[in-house]
Amino acid sequence: MQRRQLLPLAAGAAAAVALPRFAWAQGAYKAEYKMSTVVPPAFAWGKGGEIFANLVRERTSGRINIKQYPGASLVQGQQDREFSAMRQGVIDVLCGAPINWSGTVRELSAFTLPFLLPDHKAYDAVIGNTALMNEYFDMVRKAGAEPLAVGETGYRQISNSKRPILKPDDLKGIKVRVVGSPMYGEIMSSMGANPTFMSWADAQPALASGAVDAQENPLEVFLAAKINTLGQKYVTKWNYSNDILLYAIAAPVWSSWTPADQKIVREAAQDAARQQITLVRKLFAEDVQAVSALGVNVHQPTPAEMQEWQVATRRTYARWKAQIQPTFIGKVEEVVAKT
Ligand code: X2X
């Protein structure tokens, strides 16, 4: 409605004078659309946000100006508040990991179950499955945002300051910082570690002071944040969880744009997501070498060790599958089983 009222404005100034003043206010584009990212463009997923904002600015000739706020600064660093802040109108554009929003929209964290997506082949089969992703996108719409595209935040690996982690028992007594979902906490506690929930902003000082011994993040994050300088000496590349990077627009913002601009923005997000995935995978392919070169001990589990991790997390997996979205996750499992 508002959009239709606005369209004649583009045709000429004469039409504009004829319209009541409130039509401008309701339908006008904002000078700036606020995009939250947890990490800045020095990290692959922050970069994915930057690429998107730049493409949108270029392709709309500046009509849609997306400004990136890294460090989740729009929510004072509390990344778990991003989704509710988006619903309240504080954030217009999301470019983030749904695991961070699992307290608000648990079903969106469906991809993060331990060892659900064992490798990139499985990951691609899932995000490339149109029926599955349409179902997921419908969940995003129900939650109040228009989903545009899916990138990859990256396989999460555990690091610590104490000892090599080769088997579940090695985690006993290790204090580990976890993020987002209580599921990550339960994965750790089920194996005897002591998890503490913390935002990314708080994680680095906690590692530096020794308040926690361990953390889990993609190795590109480890490298970009120089986590090795915070006493983290041992890494296990166990690929236990990989979240999507979801590009989405707050529903009221989305509906304030013309269909032509919506199309541009959607395509820009798809292009940005493709570039972001290429970047994150290039870094993934090089990360063992890059982290080892810093003098960090990197362990790559054998198939038998991988089996042990899966067995150790099986019960937590089942519990959280039931709590998150069992039907949808069942379909994800079917797609993965065929890879
Ligand atoms: O806080 C983290 O560990 C991070 C950057 O990986 C997320 O936002 C999930």
# chains A, B, ... in the order shown; residues from 1 in each chain; ligands from 1
call {"tool": "residues_near_ligand", "arguments": {"ligand": "ligand 1", "cutoff": "8 Å", "atoms": "only C-alpha atoms and all ligand atoms", "output": "list in words"}}
result
Val38, Val39, Gln79, Gly96, Ala97, Ile99, Asn100, Thr153, Arg156, Val178, Val179, Gly180, Met198, Ser199, Trp200, Ala201, Ala203, Gln215, Glu216, Asn217, Pro218 and Val221 of chain A
call {"tool": "write_last_selection", "arguments": {"atoms": "N, CA and C atoms", "output": "CSV table (one decimal), in the first residue's frame"}}
result
chain,number,residue,atom,x,y,z
A,38,VAL,N,28.7,-10.2,14.5
A,38,VAL,CA,29.5,-10.4,15.7
A,38,VAL,C,30.9,-10.0,15.5
A,39,VAL,N,31.5,-10.4,14.4
A,39,VAL,CA,32.9,-10.1,14.1
A,39,VAL,C,33.0,-9.1,12.9
A,79,GLN,N,25.5,-10.8,21.7
A,79,GLN,CA,25.1,-11.4,20.4
A,79,GLN,C,23.8,-12.2,20.5
A,96,GLY,N,24.3,-13.3,10.4
A,96,GLY,CA,24.9,-13.9,11.6
A,96,GLY,C,24.6,-15.4,11.7
A,97,ALA,N,25.0,-16.0,12.8
A,97,ALA,CA,24.9,-17.4,13.1
A,97,ALA,C,23.7,-17.6,14.0
A,99,ILE,N,22.9,-19.9,15.8
A,99,ILE,CA,23.2,-20.5,17.1
A,99,ILE,C,23.1,-19.4,18.2
A,100,ASN,N,23.5,-18.2,17.8
A,100,ASN,CA,23.5,-17.0,18.8
A,100,ASN,C,22.1,-16.7,19.2
A,153,THR,N,29.4,-20.1,8.6
A,153,THR,CA,30.3,-19.5,9.6
A,153,THR,C,31.5,-20.4,9.8
A,156,ARG,N,33.5,-25.6,13.7
A,156,ARG,CA,34.0,-25.2,15.0
A,156,ARG,C,35.0,-26.2,15.6
A,178,VAL,N,31.7,-21.3,26.1
A,178,VAL,CA,30.8,-21.7,24.9
A,178,VAL,C,29.9,-20.5,24.7
A,179,VAL,N,29.3,-20.5,23.5
A,179,VAL,CA,28.4,-19.4,23.0
A,179,VAL,C,27.0,-20.0,22.7
A,180,GLY,N,26.1,-19.0,22.8
A,180,GLY,CA,24.8,-19.3,22.2
A,180,GLY,C,23.9,-20.3,22.9
A,198,MET,N,29.4,-17.2,27.5
A,198,MET,CA,30.0,-15.9,27.5
A,198,MET,C,29.8,-15.4,26.1
A,199,SER,N,29.7,-14.0,26.0
A,199,SER,CA,29.7,-13.4,24.6
A,199,SER,C,31.1,-13.5,24.1
A,200,TRP,N,31.2,-13.2,22.8
A,200,TRP,CA,32.5,-13.2,22.1
A,200,TRP,C,33.4,-12.1,22.8
A,201,ALA,N,32.8,-10.9,23.1
A,201,ALA,CA,33.5,-9.8,23.7
A,201,ALA,C,34.1,-10.2,25.0
A,203,ALA,N,34.8,-13.3,25.9
A,203,ALA,CA,35.6,-14.6,25.8
A,203,ALA,C,37.1,-14.3,25.8
A,215,GLN,N,38.1,-22.8,24.4
A,215,GLN,CA,37.0,-22.2,23.6
A,215,GLN,C,36.9,-23.0,22.4
A,216,GLU,N,35.8,-22.8,21.7
A,216,GLU,CA,35.5,-23.5,20.4
A,216,GLU,C,35.1,-22.5,19.4
A,217,ASN,N,35.7,-22.5,18.2
A,217,ASN,CA,35.4,-21.5,17.1
A,217,ASN,C,36.1,-22.0,15.9
A,218,PRO,N,35.6,-21.6,14.7
A,218,PRO,CA,36.4,-21.9,13.5
A,218,PRO,C,37.8,-21.5,13.6
A,221,VAL,N,38.6,-17.9,12.7
A,221,VAL,CA,38.4,-17.0,13.9
A,221,VAL,C,39.6,-17.0,14.8
call {"tool": "select_by_dssp", "arguments": {"residues": "range 58-271 of chain A", "states": "alpha helix (DSSP H)", "output": "ChimeraX atom specification"}}
result
/A:58-59,82-87,120-127,130-143,182-190,200-209,219-224,251-255,259-271
call {"tool": "write_last_selection", "arguments": {"atoms": "C-alpha atoms", "output": "mmCIF file, in the first residue's frame"}}
result
data_model
loop_
_atom_site.group_PDB
_atom_site.id
_atom_site.type_symbol
_atom_site.label_atom_id
_atom_site.label_comp_id
_atom_site.auth_asym_id
_atom_site.auth_seq_id
_atom_site.Cartn_x
_atom_site.Cartn_y
_atom_site.Cartn_z
ATOM 1 C CA GLU A 58 26.385 -0.115 -5.613
ATOM 2 C CA ARG A 59 23.414 -1.838 -7.214
ATOM 3 C CA GLU A 82 20.477 -9.808 18.050
ATOM 4 C CA PHE A 83 17.266 -11.467 16.943
ATOM 5 C CA SER A 84 15.027 -9.865 19.542
ATOM 6 C CA ALA A 85 16.642 -6.487 18.804
ATOM 7 C CA MET A 86 15.809 -7.053 15.144
ATOM 8 C CA ARG A 87 12.195 -7.660 16.142
ATOM 9 C CA HIS A 120 31.360 -29.766 3.118
ATOM 10 C CA LYS A 121 29.750 -32.280 0.796
ATOM 11 C CA ALA A 122 26.998 -32.778 3.360
ATOM 12 C CA TYR A 123 26.820 -29.045 4.044
ATOM 13 C CA ASP A 124 26.352 -28.259 0.346
ATOM 14 C CA ALA A 125 23.774 -30.996 -0.147
ATOM 15 C CA VAL A 126 21.726 -29.469 2.674
ATOM 16 C CA ILE A 127 21.945 -25.788 1.767
ATOM 17 C CA THR A 130 15.530 -26.270 -2.310
ATOM 18 C CA ALA A 131 12.645 -28.002 -0.523
ATOM 19 C CA LEU A 132 14.588 -28.176 2.718
ATOM 20 C CA MET A 133 15.751 -24.583 2.569
ATOM 21 C CA ASN A 134 12.264 -23.342 1.665
ATOM 22 C CA GLU A 135 11.025 -25.010 4.812
ATOM 23 C CA TYR A 136 13.816 -23.394 6.823
ATOM 24 C CA PHE A 137 13.170 -19.997 5.223
ATOM 25 C CA ASP A 138 9.502 -20.299 6.205
ATOM 26 C CA MET A 139 10.615 -20.694 9.817
ATOM 27 C CA VAL A 140 12.666 -17.499 9.465
ATOM 28 C CA ARG A 141 9.646 -15.677 8.010
ATOM 29 C CA LYS A 142 7.433 -16.858 10.858
ATOM 30 C CA ALA A 143 10.042 -15.502 13.262
ATOM 31 C CA PRO A 182 22.699 -24.389 25.981
ATOM 32 C CA MET A 183 23.229 -27.325 23.629
ATOM 33 C CA TYR A 184 26.917 -26.441 23.274
ATOM 34 C CA GLY A 185 27.105 -26.324 27.070
ATOM 35 C CA GLU A 186 25.540 -29.734 27.354
ATOM 36 C CA ILE A 187 27.871 -31.252 24.768
ATOM 37 C CA MET A 188 30.782 -30.116 26.923
ATOM 38 C CA SER A 189 29.348 -31.042 30.309
ATOM 39 C CA SER A 190 28.275 -34.503 29.083
ATOM 40 C CA TRP A 200 32.544 -13.172 22.130
ATOM 41 C CA ALA A 201 33.503 -9.817 23.669
ATOM 42 C CA ASP A 202 33.968 -11.423 27.086
ATOM 43 C CA ALA A 203 35.626 -14.581 25.780
ATOM 44 C CA GLN A 204 38.976 -13.059 24.888
ATOM 45 C CA PRO A 205 39.731 -11.456 28.288
ATOM 46 C CA ALA A 206 38.539 -14.673 29.991
ATOM 47 C CA LEU A 207 41.003 -16.715 27.945
ATOM 48 C CA ALA A 208 43.780 -14.200 28.558
ATOM 49 C CA SER A 209 43.303 -14.218 32.332
ATOM 50 C CA LEU A 219 40.123 -21.797 13.033
ATOM 51 C CA GLU A 220 39.815 -18.761 10.794
ATOM 52 C CA VAL A 221 38.365 -16.996 13.850
ATOM 53 C CA PHE A 222 41.218 -18.427 15.971
ATOM 54 C CA LEU A 223 43.681 -16.958 13.483
ATOM 55 C CA ALA A 224 42.024 -13.578 12.913
ATOM 56 C CA ALA A 251 10.078 -7.954 7.962
ATOM 57 C CA PRO A 252 8.823 -4.317 8.191
ATOM 58 C CA VAL A 253 11.979 -3.062 6.488
ATOM 59 C CA TRP A 254 11.658 -5.662 3.756
ATOM 60 C CA SER A 255 8.054 -4.695 3.005
ATOM 61 C CA PRO A 259 9.817 -5.233 -5.492
ATOM 62 C CA ALA A 260 12.627 -4.105 -7.789
ATOM 63 C CA ASP A 261 14.827 -3.207 -4.823
ATOM 64 C CA GLN A 262 13.870 -6.418 -3.016
ATOM 65 C CA LYS A 263 15.133 -8.356 -6.025
ATOM 66 C CA ILE A 264 18.415 -6.444 -6.059
ATOM 67 C CA VAL A 265 18.936 -6.987 -2.336
ATOM 68 C CA ARG A 266 18.159 -10.707 -2.530
ATOM 69 C CA GLU A 267 20.578 -11.223 -5.418
ATOM 70 C CA ALA A 268 23.243 -9.189 -3.644
ATOM 71 C CA ALA A 269 22.898 -11.435 -0.576
ATOM 72 C CA GLN A 270 23.137 -14.553 -2.737
ATOM 73 C CA ASP A 271 26.278 -13.233 -4.436
#
call {"tool": "residues_around", "arguments": {"residues": "Leu166 in chain A", "least_positions_apart": "5", "cutoff": "12 Å", "atoms": "only C-alpha atoms", "output": "list in words"}}
result
Ile158, Ser159, Leu171, Lys172, Tyr234, Val235, Thr236, Lys237, Trp238, Asn297, Val298, His299, Gln300, Pro301, Thr302, Pro303, Ala304, Glu305, Met306, Gln307, Glu308 and Trp309 of chain A
call {"tool": "residues_around", "arguments": {"residues": "Ile244 in chain A", "least_positions_apart": "6", "cutoff": "10 Å", "atoms": "only C-alpha atoms", "output": "list of chain:residue names"}}
result
A:Cys95, A:Gly96, A:Ala97, A:Pro98, A:Ile99, A:Leu108, A:Ser109, A:Ala110, A:Phe111, A:Thr112, A:Tyr123, A:Ile127, A:Ala149, A:Val150, A:Gly151, A:Glu152, A:Thr153, A:Gly154, A:Tyr155, A:Ile277
call {"tool": "write_last_selection", "arguments": {"atoms": "N, CA and C atoms", "output": "PDB file, in the first residue's frame"}}
result
ATOM      1  N   CYS A  95      23.206 -10.620   9.645  1.00  0.00           N
ATOM      2  CA  CYS A  95      24.171 -11.414   8.887  1.00  0.00           C
ATOM      3  C   CYS A  95      24.907 -12.197   9.962  1.00  0.00           C
ATOM      4  N   GLY A  96      24.301 -13.300  10.375  1.00  0.00           N
ATOM      5  CA  GLY A  96      24.857 -13.945  11.566  1.00  0.00           C
ATOM      6  C   GLY A  96      24.575 -15.419  11.686  1.00  0.00           C
ATOM      7  N   ALA A  97      25.043 -15.954  12.810  1.00  0.00           N
ATOM      8  CA  ALA A  97      24.929 -17.375  13.117  1.00  0.00           C
ATOM      9  C   ALA A  97      23.698 -17.603  13.987  1.00  0.00           C
ATOM     10  N   PRO A  98      22.709 -18.340  13.474  1.00  0.00           N
ATOM     11  CA  PRO A  98      21.489 -18.569  14.257  1.00  0.00           C
ATOM     12  C   PRO A  98      21.729 -19.209  15.622  1.00  0.00           C
ATOM     13  N   ILE A  99      22.878 -19.884  15.801  1.00  0.00           N
ATOM     14  CA  ILE A  99      23.166 -20.464  17.127  1.00  0.00           C
ATOM     15  C   ILE A  99      23.118 -19.363  18.192  1.00  0.00           C
ATOM     16  N   LEU A 108      15.803 -22.226  14.584  1.00  0.00           N
ATOM     17  CA  LEU A 108      16.736 -21.793  13.537  1.00  0.00           C
ATOM     18  C   LEU A 108      18.142 -22.348  13.729  1.00  0.00           C
ATOM     19  N   SER A 109      18.414 -22.900  14.918  1.00  0.00           N
ATOM     20  CA  SER A 109      19.753 -23.456  15.157  1.00  0.00           C
ATOM     21  C   SER A 109      19.829 -24.938  14.774  1.00  0.00           C
ATOM     22  N   ALA A 110      18.908 -25.373  13.926  1.00  0.00           N
ATOM     23  CA  ALA A 110      18.799 -26.791  13.563  1.00  0.00           C
ATOM     24  C   ALA A 110      20.063 -27.386  12.944  1.00  0.00           C
ATOM     25  N   PHE A 111      20.890 -26.549  12.326  1.00  0.00           N
ATOM     26  CA  PHE A 111      22.058 -27.115  11.620  1.00  0.00           C
ATOM     27  C   PHE A 111      23.257 -27.367  12.525  1.00  0.00           C
ATOM     28  N   THR A 112      23.143 -26.953  13.792  1.00  0.00           N
ATOM     29  CA  THR A 112      24.330 -26.944  14.653  1.00  0.00           C
ATOM     30  C   THR A 112      24.483 -28.183  15.533  1.00  0.00           C
ATOM     31  N   TYR A 123      27.262 -30.433   3.865  1.00  0.00           N
ATOM     32  CA  TYR A 123      26.820 -29.045   4.044  1.00  0.00           C
ATOM     33  C   TYR A 123      26.169 -28.523   2.752  1.00  0.00           C
ATOM     34  N   ILE A 127      22.335 -27.165   2.128  1.00  0.00           N
ATOM     35  CA  ILE A 127      21.945 -25.788   1.767  1.00  0.00           C
ATOM     36  C   ILE A 127      21.545 -25.679   0.289  1.00  0.00           C
ATOM     37  N   ALA A 149      19.653 -15.406   1.953  1.00  0.00           N
ATOM     38  CA  ALA A 149      20.715 -16.301   1.485  1.00  0.00           C
ATOM     39  C   ALA A 149      21.431 -16.904   2.678  1.00  0.00           C
ATOM     40  N   VAL A 150      22.201 -17.929   2.366  1.00  0.00           N
ATOM     41  CA  VAL A 150      22.895 -18.675   3.406  1.00  0.00           C
ATOM     42  C   VAL A 150      24.379 -18.812   3.053  1.00  0.00           C
ATOM     43  N   GLY A 151      25.229 -18.299   3.927  1.00  0.00           N
ATOM     44  CA  GLY A 151      26.676 -18.531   3.812  1.00  0.00           C
ATOM     45  C   GLY A 151      27.078 -19.588   4.819  1.00  0.00           C
ATOM     46  N   GLU A 152      28.309 -19.516   5.302  1.00  0.00           N
ATOM     47  CA  GLU A 152      28.813 -20.550   6.225  1.00  0.00           C
ATOM     48  C   GLU A 152      29.693 -19.895   7.281  1.00  0.00           C
ATOM     49  N   THR A 153      29.381 -20.127   8.559  1.00  0.00           N
ATOM     50  CA  THR A 153      30.251 -19.543   9.588  1.00  0.00           C
ATOM     51  C   THR A 153      31.495 -20.398   9.802  1.00  0.00           C
ATOM     52  N   GLY A 154      31.418 -21.684   9.509  1.00  0.00           N
ATOM     53  CA  GLY A 154      32.622 -22.517   9.529  1.00  0.00           C
ATOM     54  C   GLY A 154      32.607 -23.604  10.595  1.00  0.00           C
ATOM     55  N   TYR A 155      33.333 -24.672  10.312  1.00  0.00           N
ATOM     56  CA  TYR A 155      33.413 -25.780  11.275  1.00  0.00           C
ATOM     57  C   TYR A 155      34.126 -25.328  12.539  1.00  0.00           C
ATOM     58  N   ILE A 277      31.348 -18.007   1.252  1.00  0.00           N
ATOM     59  CA  ILE A 277      31.611 -19.447   1.373  1.00  0.00           C
ATOM     60  C   ILE A 277      32.969 -19.788   0.737  1.00  0.00           C
TER      61      ILE A 277
END
call {"tool": "residues_around", "arguments": {"residues": "Tyr33 in chain A", "least_positions_apart": "6", "cutoff": "9 Å", "atoms": "only C-alpha atoms", "output": "mmCIF file with C-alpha atoms, in the first residue's frame"}}
result
data_model
loop_
_atom_site.group_PDB
_atom_site.id
_atom_site.type_symbol
_atom_site.label_atom_id
_atom_site.label_comp_id
_atom_site.auth_asym_id
_atom_site.auth_seq_id
_atom_site.Cartn_x
_atom_site.Cartn_y
_atom_site.Cartn_z
ATOM 1 C CA ILE A 64 19.684 1.370 0.221
ATOM 2 C CA ASN A 65 22.583 2.152 2.494
ATOM 3 C CA ILE A 66 23.410 -0.758 4.802
ATOM 4 C CA LYS A 67 25.863 0.114 7.547
ATOM 5 C CA GLN A 68 27.695 -2.680 9.330
ATOM 6 C CA ILE A 91 18.566 -3.997 13.916
ATOM 7 C CA ASP A 92 17.409 -3.912 10.277
ATOM 8 C CA VAL A 93 19.724 -6.474 8.727
ATOM 9 C CA VAL A 253 11.979 -3.062 6.488
#
call {"tool": "select_by_dssp", "arguments": {"residues": "range 95-257 of chain A", "states": "strand (DSSP E)", "output": "PDB file with N, CA and C atoms, in the first residue's frame"}}
result
ATOM      1  N   CYS A  95      23.206 -10.620   9.645  1.00  0.00           N
ATOM      2  CA  CYS A  95      24.171 -11.414   8.887  1.00  0.00           C
ATOM      3  C   CYS A  95      24.907 -12.197   9.962  1.00  0.00           C
ATOM      4  N   GLY A  96      24.301 -13.300  10.375  1.00  0.00           N
ATOM      5  CA  GLY A  96      24.857 -13.945  11.566  1.00  0.00           C
ATOM      6  C   GLY A  96      24.575 -15.419  11.686  1.00  0.00           C
ATOM      7  N   ALA A 145      11.520 -12.245   9.989  1.00  0.00           N
ATOM      8  CA  ALA A 145      12.526 -11.679   9.076  1.00  0.00           C
ATOM      9  C   ALA A 145      12.398 -12.326   7.704  1.00  0.00           C
ATOM     10  N   GLU A 146      12.807 -11.582   6.692  1.00  0.00           N
ATOM     11  CA  GLU A 146      12.824 -12.153   5.343  1.00  0.00           C
ATOM     12  C   GLU A 146      14.214 -12.742   5.081  1.00  0.00           C
ATOM     13  N   PRO A 147      14.289 -14.087   4.914  1.00  0.00           N
ATOM     14  CA  PRO A 147      15.599 -14.698   4.659  1.00  0.00           C
ATOM     15  C   PRO A 147      16.018 -14.490   3.216  1.00  0.00           C
ATOM     16  N   LEU A 148      17.297 -14.248   2.990  1.00  0.00           N
ATOM     17  CA  LEU A 148      17.759 -13.963   1.630  1.00  0.00           C
ATOM     18  C   LEU A 148      18.733 -15.000   1.103  1.00  0.00           C
ATOM     19  N   ALA A 149      19.653 -15.406   1.953  1.00  0.00           N
ATOM     20  CA  ALA A 149      20.715 -16.301   1.485  1.00  0.00           C
ATOM     21  C   ALA A 149      21.431 -16.904   2.678  1.00  0.00           C
ATOM     22  N   VAL A 150      22.201 -17.929   2.366  1.00  0.00           N
ATOM     23  CA  VAL A 150      22.895 -18.675   3.406  1.00  0.00           C
ATOM     24  C   VAL A 150      24.379 -18.812   3.053  1.00  0.00           C
ATOM     25  N   GLY A 151      25.229 -18.299   3.927  1.00  0.00           N
ATOM     26  CA  GLY A 151      26.676 -18.531   3.812  1.00  0.00           C
ATOM     27  C   GLY A 151      27.078 -19.588   4.819  1.00  0.00           C
ATOM     28  N   GLU A 152      28.309 -19.516   5.302  1.00  0.00           N
ATOM     29  CA  GLU A 152      28.813 -20.550   6.225  1.00  0.00           C
ATOM     30  C   GLU A 152      29.693 -19.895   7.281  1.00  0.00           C
ATOM     31  N   THR A 153      29.381 -20.127   8.559  1.00  0.00           N
ATOM     32  CA  THR A 153      30.251 -19.543   9.588  1.00  0.00           C
ATOM     33  C   THR A 153      31.495 -20.398   9.802  1.00  0.00           C
ATOM     34  N   GLY A 154      31.418 -21.684   9.509  1.00  0.00           N
ATOM     35  CA  GLY A 154      32.622 -22.517   9.529  1.00  0.00           C
ATOM     36  C   GLY A 154      32.607 -23.604  10.595  1.00  0.00           C
ATOM     37  N   TYR A 155      33.333 -24.672  10.312  1.00  0.00           N
ATOM     38  CA  TYR A 155      33.413 -25.780  11.275  1.00  0.00           C
ATOM     39  C   TYR A 155      34.126 -25.328  12.539  1.00  0.00           C
ATOM     40  N   GLN A 157      36.126 -25.751  16.019  1.00  0.00           N
ATOM     41  CA  GLN A 157      37.165 -26.629  16.567  1.00  0.00           C
ATOM     42  C   GLN A 157      37.471 -26.186  17.990  1.00  0.00           C
ATOM     43  N   ILE A 158      37.834 -27.154  18.816  1.00  0.00           N
ATOM     44  CA  ILE A 158      38.115 -26.805  20.213  1.00  0.00           C
ATOM     45  C   ILE A 158      39.608 -26.522  20.408  1.00  0.00           C
ATOM     46  N   SER A 159      39.890 -25.491  21.191  1.00  0.00           N
ATOM     47  CA  SER A 159      41.282 -25.215  21.564  1.00  0.00           C
ATOM     48  C   SER A 159      41.352 -25.072  23.071  1.00  0.00           C
ATOM     49  N   ASN A 160      42.548 -25.330  23.645  1.00  0.00           N
ATOM     50  CA  ASN A 160      42.699 -25.145  25.091  1.00  0.00           C
ATOM     51  C   ASN A 160      44.153 -24.919  25.469  1.00  0.00           C
ATOM     52  N   LYS A 175      37.790 -26.034  31.760  1.00  0.00           N
ATOM     53  CA  LYS A 175      36.805 -24.941  31.784  1.00  0.00           C
ATOM     54  C   LYS A 175      36.715 -24.362  30.374  1.00  0.00           C
ATOM     55  N   VAL A 176      35.542 -24.483  29.780  1.00  0.00           N
ATOM     56  CA  VAL A 176      35.432 -24.070  28.372  1.00  0.00           C
ATOM     57  C   VAL A 176      34.371 -22.984  28.187  1.00  0.00           C
ATOM     58  N   ARG A 177      34.773 -21.956  27.461  1.00  0.00           N
ATOM     59  CA  ARG A 177      33.815 -20.904  27.114  1.00  0.00           C
ATOM     60  C   ARG A 177      32.997 -21.390  25.924  1.00  0.00           C
ATOM     61  N   VAL A 178      31.669 -21.328  26.070  1.00  0.00           N
ATOM     62  CA  VAL A 178      30.796 -21.666  24.945  1.00  0.00           C
ATOM     63  C   VAL A 178      29.860 -20.495  24.666  1.00  0.00           C
ATOM     64  N   ASN A 194      33.744 -28.250  32.079  1.00  0.00           N
ATOM     65  CA  ASN A 194      32.914 -27.258  32.784  1.00  0.00           C
ATOM     66  C   ASN A 194      32.645 -26.074  31.864  1.00  0.00           C
ATOM     67  N   PRO A 195      31.471 -26.031  31.249  1.00  0.00           N
ATOM     68  CA  PRO A 195      31.192 -24.934  30.315  1.00  0.00           C
ATOM     69  C   PRO A 195      30.760 -23.643  31.015  1.00  0.00           C
ATOM     70  N   THR A 196      31.146 -22.508  30.443  1.00  0.00           N
ATOM     71  CA  THR A 196      30.674 -21.193  30.893  1.00  0.00           C
ATOM     72  C   THR A 196      30.161 -20.462  29.667  1.00  0.00           C
ATOM     73  N   PHE A 197      28.975 -19.877  29.784  1.00  0.00           N
ATOM     74  CA  PHE A 197      28.402 -19.127  28.657  1.00  0.00           C
ATOM     75  C   PHE A 197      28.929 -17.707  28.678  1.00  0.00           C
ATOM     76  N   ALA A 214      39.569 -23.068  27.739  1.00  0.00           N
ATOM     77  CA  ALA A 214      39.289 -23.543  26.386  1.00  0.00           C
ATOM     78  C   ALA A 214      38.192 -22.712  25.728  1.00  0.00           C
ATOM     79  N   GLN A 215      38.126 -22.828  24.396  1.00  0.00           N
ATOM     80  CA  GLN A 215      37.048 -22.200  23.626  1.00  0.00           C
ATOM     81  C   GLN A 215      36.855 -23.034  22.372  1.00  0.00           C
ATOM     82  N   GLU A 216      35.755 -22.779  21.669  1.00  0.00           N
ATOM     83  CA  GLU A 216      35.534 -23.485  20.394  1.00  0.00           C
ATOM     84  C   GLU A 216      35.064 -22.467  19.359  1.00  0.00           C
ATOM     85  N   ASN A 217      35.746 -22.463  18.228  1.00  0.00           N
ATOM     86  CA  ASN A 217      35.446 -21.530  17.146  1.00  0.00           C
ATOM     87  C   ASN A 217      36.104 -22.047  15.873  1.00  0.00           C
ATOM     88  N   TYR A 234      46.674 -25.889  22.255  1.00  0.00           N
ATOM     89  CA  TYR A 234      46.265 -27.166  21.658  1.00  0.00           C
ATOM     90  C   TYR A 234      44.935 -27.010  20.929  1.00  0.00           C
ATOM     91  N   VAL A 235      44.909 -27.529  19.711  1.00  0.00           N
ATOM     92  CA  VAL A 235      43.673 -27.467  18.914  1.00  0.00           C
ATOM     93  C   VAL A 235      43.322 -28.878  18.472  1.00  0.00           C
ATOM     94  N   THR A 236      42.030 -29.205  18.536  1.00  0.00           N
ATOM     95  CA  THR A 236      41.562 -30.459  17.939  1.00  0.00           C
ATOM     96  C   THR A 236      40.587 -30.111  16.821  1.00  0.00           C
ATOM     97  N   ASN A 242      28.794 -26.776  12.597  1.00  0.00           N
ATOM     98  CA  ASN A 242      28.997 -25.724  11.594  1.00  0.00           C
ATOM     99  C   ASN A 242      27.670 -25.029  11.393  1.00  0.00           C
ATOM    100  N   ASP A 243      27.616 -23.772  11.726  1.00  0.00           N
ATOM    101  CA  ASP A 243      26.353 -23.042  11.571  1.00  0.00           C
ATOM    102  C   ASP A 243      26.326 -22.330  10.226  1.00  0.00           C
ATOM    103  N   ILE A 244      25.127 -22.074   9.746  1.00  0.00           N
ATOM    104  CA  ILE A 244      24.994 -21.255   8.544  1.00  0.00           C
ATOM    105  C   ILE A 244      25.262 -19.791   8.915  1.00  0.00           C
ATOM    106  N   LEU A 245      25.520 -18.996   7.912  1.00  0.00           N
ATOM    107  CA  LEU A 245      25.556 -17.543   8.073  1.00  0.00           C
ATOM    108  C   LEU A 245      24.283 -17.058   7.387  1.00  0.00           C
ATOM    109  N   LEU A 246      23.337 -16.604   8.188  1.00  0.00           N
ATOM    110  CA  LEU A 246      22.036 -16.243   7.617  1.00  0.00           C
ATOM    111  C   LEU A 246      21.965 -14.753   7.307  1.00  0.00           C
ATOM    112  N   TYR A 247      21.646 -14.456   6.058  1.00  0.00           N
ATOM    113  CA  TYR A 247      21.375 -13.074   5.636  1.00  0.00           C
ATOM    114  C   TYR A 247      19.856 -12.891   5.671  1.00  0.00           C
ATOM    115  N   ALA A 248      19.410 -11.918   6.457  1.00  0.00           N
ATOM    116  CA  ALA A 248      17.959 -11.704   6.555  1.00  0.00           C
ATOM    117  C   ALA A 248      17.663 -10.239   6.868  1.00  0.00           C
ATOM    118  N   ILE A 249      16.451  -9.825   6.480  1.00  0.00           N
ATOM    119  CA  ILE A 249      16.030  -8.427   6.662  1.00  0.00           C
ATOM    120  C   ILE A 249      14.790  -8.413   7.560  1.00  0.00           C
ATOM    121  N   ALA A 250      14.750  -7.505   8.510  1.00  0.00           N
ATOM    122  CA  ALA A 250      13.576  -7.359   9.375  1.00  0.00           C
ATOM    123  C   ALA A 250      12.326  -7.182   8.507  1.00  0.00           C
TER     124      ALA A 250
END
call {"tool": "atom_distance", "arguments": {"atom1": "CA of Asp169 in chain A", "atom2": "CA of Asp213 in chain A"}}
result
15.6 Å
call {"tool": "closest_residue", "arguments": {"among": "A:Tyr29, A:Tyr317, A:Trp257, A:Phe115", "to": "Val336 in chain A", "atoms": "only C-alpha atoms"}}
result
A:Phe115
call {"tool": "closest_residue", "arguments": {"among": "A:Pro326, A:Pro70, A:Gly49, A:Gly89", "to": "Gly144 in chain A", "atoms": "only C-alpha atoms"}}
result
A:Gly89
call {"tool": "closest_residue", "arguments": {"among": "A:Ala225, A:Val280, A:Leu116, A:Leu294", "to": "Thr313 in chain A", "atoms": "only C-alpha atoms"}}
result
A:Leu116
call {"tool": "atom_distance", "arguments": {"atom1": "CA of Lys331 in chain A", "atom2": "CA of Thr278 in chain A"}}
result
25.9 Å
call {"tool": "closest_residue", "arguments": {"among": "A:Ser73, A:Gln88, A:Thr104, A:Asn129", "to": "Lys338 in chain A", "atoms": "only C-alpha atoms"}}
result
A:Asn129
